[in-house]
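Below is one structure, written out as structure tokens, with a few remarks after it.
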Amino acid sequence: MLYGVCTAASGPAPHLKAVDFIEENVQGFLKPRDADAAAWGNRLAAARQAGRPILAANCFLPGDLPCVGPQVDRAAILAWATVAFARAAEAGMTRIVFGSGASRRIPEGFSRALARDQFVDLLREIGPVAATRGVLLVVEPLNRGECNFINSVDEGAAIVRDANVAGVRLLADLYHMARDGEGPESLLRAGDLLQHVHVAEREQRTAPGVQGDDFGPWLRALAAIRYQGAISIESGWSDMPSQLTAAIAALRRQVEAAFGVAAKR
């Protein structure tokens, strides 16, 4: 198991020695609309000084690029995705997280069935673009308070299966699952579609160990499907440099209890 944290990587960061990898942000780091190659090179060089590989990035699409509804600009999304995947590959990333609640929110009065068809068609178009760069686009179910579309691992798995395309798989976020009362059984049903995991505590999206949340039921389900991917802490922090080591240690204890020796480095 690889342990990571969602954060911006820029310059030396000794506290990041506690993690195996960094999960960056597509909109803040890859910046697909910014055609300045020199600026991108500078961001990448600064990020590499953080001392940990950047294996993933989240926040794939901005809210002003809706991917469902009556105002979808598929050409603009494809242009964004093409640059994002190219820069992700240059940075050494293997995962791009497709949460993007503002982009994929179904407008009021718009057909849910049509929105679903739009989303599946989009995955079929951009998945192969990701695959040619060695990147997986992982669809992230979000809790109902953040988005009105793809709110469970089961729903996300059904969409990924319908898309049935290279370059597209599924993410499970234990925070979103807990917020909506989604149990671990959906992880068992998703099986090897799961290629990335996020975690944070339920009430205030704190890091593992702050409130003492027990992730055991979900982690045991991941162990049962022989999940071998990575897990990122995606939480709020009051002081990440002083908190990160303890958070990773707390998460590691729970993972190792669920997985056994196989979860150890």
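Just so we're on the same page: first chain in the structure tokens is A, next is B, and so on; residues restart at 1 for each chain, and ligands are numbered from 1 in the order they show up.
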
Find the spatial neighbours of Glu140 of chain A, counting only C-alpha atoms, within a cut-off of 10 Å - ignore same-chain residues fewer than 3 positions away - and output them as a list in words.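 So, after excluding close chain neighbours, the residues are Asn58, Val97, Phe98, Gly99, Ser100, Gly101, Leu137, Asn143, Ile150, Asn151, Ser152, Val153, Gly156, Ala157, Arg169, Leu170, Leu171, Ala172, Asp173, His176, His196, Val197 and His198 of chain A.
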
Hey, what's within 9 Å of Ile54 of chain A if we count only C-alpha atoms and toss same-chain stuff fewer than 5 positions away? As a PyMOL selection string, please? chain A and resi 9+21-24+47-48+88+91-94

Output file for the residues above (N, CA and C atoms, as a short mmCIF file (atom, residue, chain, number, x, y, z; two decimals), in the first residue's frame):
```
data_model
loop_
_atom_site.label_atom_id
_atom_site.label_comp_id
_atom_site.auth_asym_id
_atom_site.auth_seq_id
_atom_site.Cartn_x
_atom_site.Cartn_y
_atom_site.Cartn_z
N ALA A 9 2.40 20.87 -4.09
CA ALA A 9 3.82 20.58 -3.97
C ALA A 9 4.62 21.71 -4.60
N PHE A 21 3.76 9.50 -1.57
CA PHE A 21 3.49 10.26 -2.78
C PHE A 21 2.61 11.46 -2.46
N ILE A 22 2.55 12.36 -3.43
CA ILE A 22 1.74 13.57 -3.35
C ILE A 22 0.61 13.46 -4.38
N GLU A 23 -0.59 13.90 -3.98
CA GLU A 23 -1.70 14.05 -4.92
C GLU A 23 -1.95 15.53 -5.11
N GLU A 24 -1.68 16.01 -6.29
CA GLU A 24 -1.80 17.43 -6.62
C GLU A 24 -3.21 17.77 -7.11
N ALA A 47 7.72 21.58 -7.82
CA ALA A 47 7.02 20.45 -7.21
C ALA A 47 7.98 19.31 -6.93
N ARG A 48 8.91 19.07 -7.83
CA ARG A 48 9.85 17.98 -7.64
C ARG A 48 10.78 18.23 -6.46
N ALA A 88 0.27 15.47 -16.96
CA ALA A 88 0.28 14.46 -15.91
C ALA A 88 1.35 13.42 -16.19
N ALA A 91 4.76 14.68 -15.47
CA ALA A 91 5.02 14.78 -14.03
C ALA A 91 5.17 13.41 -13.37
N GLY A 92 4.87 12.34 -14.11
CA GLY A 92 4.97 10.99 -13.55
C GLY A 92 3.71 10.51 -12.89
N MET A 93 2.59 11.18 -13.15
CA MET A 93 1.32 10.77 -12.54
C MET A 93 0.76 9.54 -13.24
N THR A 94 0.03 8.74 -12.46
CA THR A 94 -0.67 7.59 -13.03
C THR A 94 -2.18 7.67 -12.83
#
```

Pick from A:Glu182, A:Glu108, A:Asp162, A:Asp239 nearest to Phe149 of chain A, counting only C-alpha atoms: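 With only C-alpha atoms as the atom set, the closest residue is A:Glu108.
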
Determine, counting only C-alpha atoms, which protein, DNA and RNA residues have an atom within 7 Å of an atom of segment 233-238 of chain A; residues of the same chain fewer than 2 positions away are not included. Present the result as a ChimeraX atom specification. /A:4-6,198-200,205-207,231,240

Could the residues in this selection be written to a file with C-alpha atoms, as a short mmCIF file (atom, residue, chain, number, x, y, z; two decimals), in the first residue's frame?
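Final output, saved to part.cif:
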```
data_model
loop_
_atom_site.label_atom_id
_atom_site.label_comp_id
_atom_site.auth_asym_id
_atom_site.auth_seq_id
_atom_site.Cartn_x
_atom_site.Cartn_y
_atom_site.Cartn_z
CA GLY A 4 -0.18 9.84 0.09
CA VAL A 5 -1.63 13.24 0.84
CA CYS A 6 -3.59 15.72 -1.25
CA HIS A 198 -9.34 8.74 -0.54
CA VAL A 199 -9.84 8.94 3.20
CA ALA A 200 -10.80 11.50 5.85
CA ARG A 205 -13.25 15.96 7.18
CA THR A 206 -10.30 15.81 9.53
CA ALA A 207 -7.24 13.62 9.00
CA ILE A 231 -4.64 5.68 -0.52
CA MET A 240 -0.20 19.98 8.13
#
```

Between A:Ala84, A:Ala38, A:Ile248, A:Ala102, single out the one closest to Leu65 of chain A, counting only C-alpha atoms.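 Among the listed residues, the smallest separation from Leu65 of chain A belongs to A:Ala102.
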
Which residue of A:Asp154, A:Glu146, A:Asp192, A:Glu201 approaches Leu174 of chain A most closely, using only C-alpha atoms: A:Glu201

Running DSSP on the backbone, which parts of segment 87-206 of chain A land in strand (DSSP E or B), as number ranges by chain? A: 95-98, 136-139, 168-173, 194-199

Just the selected residues (N, CA and C atoms), exported as a compact mmCIF listing (two decimals), in the first residue's frame, please.
```txt
# COMPACT_ATOMS: atom_id res chain seq x y z
N ARG A 95 -2.66 8.64 -12.05
CA ARG A 95 -4.08 8.78 -11.76
C ARG A 95 -4.51 10.24 -11.86
N ILE A 96 -5.66 10.45 -12.52
CA ILE A 96 -6.35 11.74 -12.48
C ILE A 96 -7.74 11.48 -11.91
N VAL A 97 -8.09 12.21 -10.86
CA VAL A 97 -9.35 11.98 -10.15
C VAL A 97 -10.45 12.85 -10.74
N PHE A 98 -11.53 12.18 -11.18
CA PHE A 98 -12.67 12.87 -11.78
C PHE A 98 -13.80 12.94 -10.75
N LEU A 136 -4.66 6.76 -15.70
CA LEU A 136 -6.03 6.32 -15.46
C LEU A 136 -6.86 7.49 -14.96
N LEU A 137 -8.03 7.67 -15.55
CA LEU A 137 -9.01 8.63 -15.06
C LEU A 137 -9.93 7.87 -14.12
N VAL A 138 -9.91 8.22 -12.84
CA VAL A 138 -10.70 7.48 -11.86
C VAL A 138 -11.90 8.32 -11.43
N VAL A 139 -13.09 7.78 -11.67
CA VAL A 139 -14.34 8.48 -11.37
C VAL A 139 -14.58 8.42 -9.86
N VAL A 168 -10.24 4.35 -17.95
CA VAL A 168 -11.25 4.81 -16.99
C VAL A 168 -11.50 3.72 -15.96
N ARG A 169 -11.34 4.08 -14.69
CA ARG A 169 -11.64 3.17 -13.60
C ARG A 169 -12.33 3.96 -12.48
N LEU A 170 -12.29 3.48 -11.25
CA LEU A 170 -13.13 4.00 -10.17
C LEU A 170 -12.30 4.33 -8.94
N LEU A 171 -12.74 5.36 -8.22
CA LEU A 171 -12.17 5.74 -6.93
C LEU A 171 -13.24 5.54 -5.85
N ALA A 172 -12.80 5.16 -4.66
CA ALA A 172 -13.69 5.12 -3.49
C ALA A 172 -13.15 6.09 -2.45
N ASP A 173 -13.99 7.01 -2.01
CA ASP A 173 -13.62 7.97 -0.98
C ASP A 173 -14.38 7.59 0.29
N LEU A 194 -11.79 -0.64 -8.69
CA LEU A 194 -11.22 0.35 -7.77
C LEU A 194 -9.72 0.46 -7.98
N GLN A 195 -9.30 1.67 -8.30
CA GLN A 195 -7.88 1.91 -8.57
C GLN A 195 -7.30 3.07 -7.77
N HIS A 196 -8.09 3.64 -6.87
CA HIS A 196 -7.57 4.71 -6.02
C HIS A 196 -8.53 4.89 -4.86
N VAL A 197 -8.02 5.35 -3.72
CA VAL A 197 -8.84 5.53 -2.52
C VAL A 197 -8.47 6.84 -1.85
N HIS A 198 -9.51 7.56 -1.39
CA HIS A 198 -9.34 8.74 -0.54
C HIS A 198 -9.88 8.44 0.85
N VAL A 199 -9.37 9.17 1.84
CA VAL A 199 -9.84 8.94 3.20
C VAL A 199 -9.78 10.24 3.99
```

Identify, with DSSP run on backbone atoms, the residues in segment 58-217 of chain A assigned to alpha helix (DSSP H), and express the list as a PyMOL selection string. chain A and resi 74-91+101-104+112-132+153-163+174-179+185-190+216-217

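Interatomic distance, atom CA of Pro241 of chain A to atom CA of Phe215 of chain A: 23.3 Å.
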
d(atom CA of Ala250 of chain A, atom CA of Ala57 of chain A) in Å: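 These two atoms are separated by 23.3 Å.
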
Mind giving me the straight-line distance from atom CA of Thr245 of chain A to atom CA of Pro53 of chain A in Å, one decimal?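 Here the two named atoms are 17.2 Å from each other.
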
Just checking: using only C-alpha atoms, which residue out of A:Leu78, A:Leu142, A:Ala163, A:Ala89 ends up closest to Asp121 of chain A?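 Among A:Leu78, A:Leu142, A:Ala163, A:Ala89, it is A:Ala163 that comes nearest to Asp121 of chain A.
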
Contacts of Ala50 of chain A at 8 Å or less, counting only C-alpha atoms, minus same-chain residues fewer than 2 places along, as a PyMOL selection string? chain A and resi 9-14+16+46-48+52

Write a file of the just-selected residues containing C-alpha atoms, as a PDB file, in the first residue's frame.
```pdb
ATOM      1  CA  ALA A   9       3.823  20.577  -3.971  1.00  0.00           C
ATOM      2  CA  SER A  10       6.143  23.546  -4.295  1.00  0.00           C
ATOM      3  CA  GLY A  11       9.665  23.664  -2.978  1.00  0.00           C
ATOM      4  CA  PRO A  12      11.291  21.652  -0.186  1.00  0.00           C
ATOM      5  CA  ALA A  13       8.796  20.243   2.330  1.00  0.00           C
ATOM      6  CA  PRO A  14      10.442  18.081   5.016  1.00  0.00           C
ATOM      7  CA  LEU A  16       6.230  15.232   3.233  1.00  0.00           C
ATOM      8  CA  ALA A  46       9.319  23.391  -7.873  1.00  0.00           C
ATOM      9  CA  ALA A  47       7.021  20.451  -7.209  1.00  0.00           C
ATOM     10  CA  ARG A  48       9.849  17.979  -7.636  1.00  0.00           C
ATOM     11  CA  ARG A  52       8.139  12.880  -3.131  1.00  0.00           C
TER      12      ARG A  52
END
```

For a quick check of understanding, using only C-alpha atoms, which of A:Val83, A:Val68, A:Ala56, A:Leu61 has the smallest distance to Ile106 of chain A?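 Ranking A:Val83, A:Val68, A:Ala56, A:Leu61 by distance to Ile106 of chain A, first place goes to A:Val68.
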
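In terms of minimum interatomic distance to Arg87 of chain A, A:Leu44 ranks closest within A:Leu193, A:Leu44, A:Ala247, A:Val160, counting only C-alpha atoms.
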
Tell me, as an mmCIF file with C-alpha atoms, in the first residue's frame, which residues lie within 10 Å of Ala246 of chain A, counting only C-alpha atoms; anything in the same chain fewer than 4 positions away does not count.
```cif
data_model
loop_
_atom_site.group_PDB
_atom_site.id
_atom_site.type_symbol
_atom_site.label_atom_id
_atom_site.label_comp_id
_atom_site.auth_asym_id
_atom_site.auth_seq_id
_atom_site.Cartn_x
_atom_site.Cartn_y
_atom_site.Cartn_z
ATOM 1 C CA ALA A 18 5.993 10.980 6.012
ATOM 2 C CA ALA A 207 -7.242 13.624 9.005
ATOM 3 C CA PRO A 208 -7.137 10.076 10.379
ATOM 4 C CA GLY A 209 -6.512 10.011 14.120
ATOM 5 C CA VAL A 210 -7.975 13.422 14.952
ATOM 6 C CA SER A 242 2.988 19.195 12.476
ATOM 7 C CA ALA A 250 -2.853 6.421 12.440
ATOM 8 C CA LEU A 251 -3.970 5.445 8.951
ATOM 9 C CA ARG A 252 -1.187 2.899 8.583
#
```
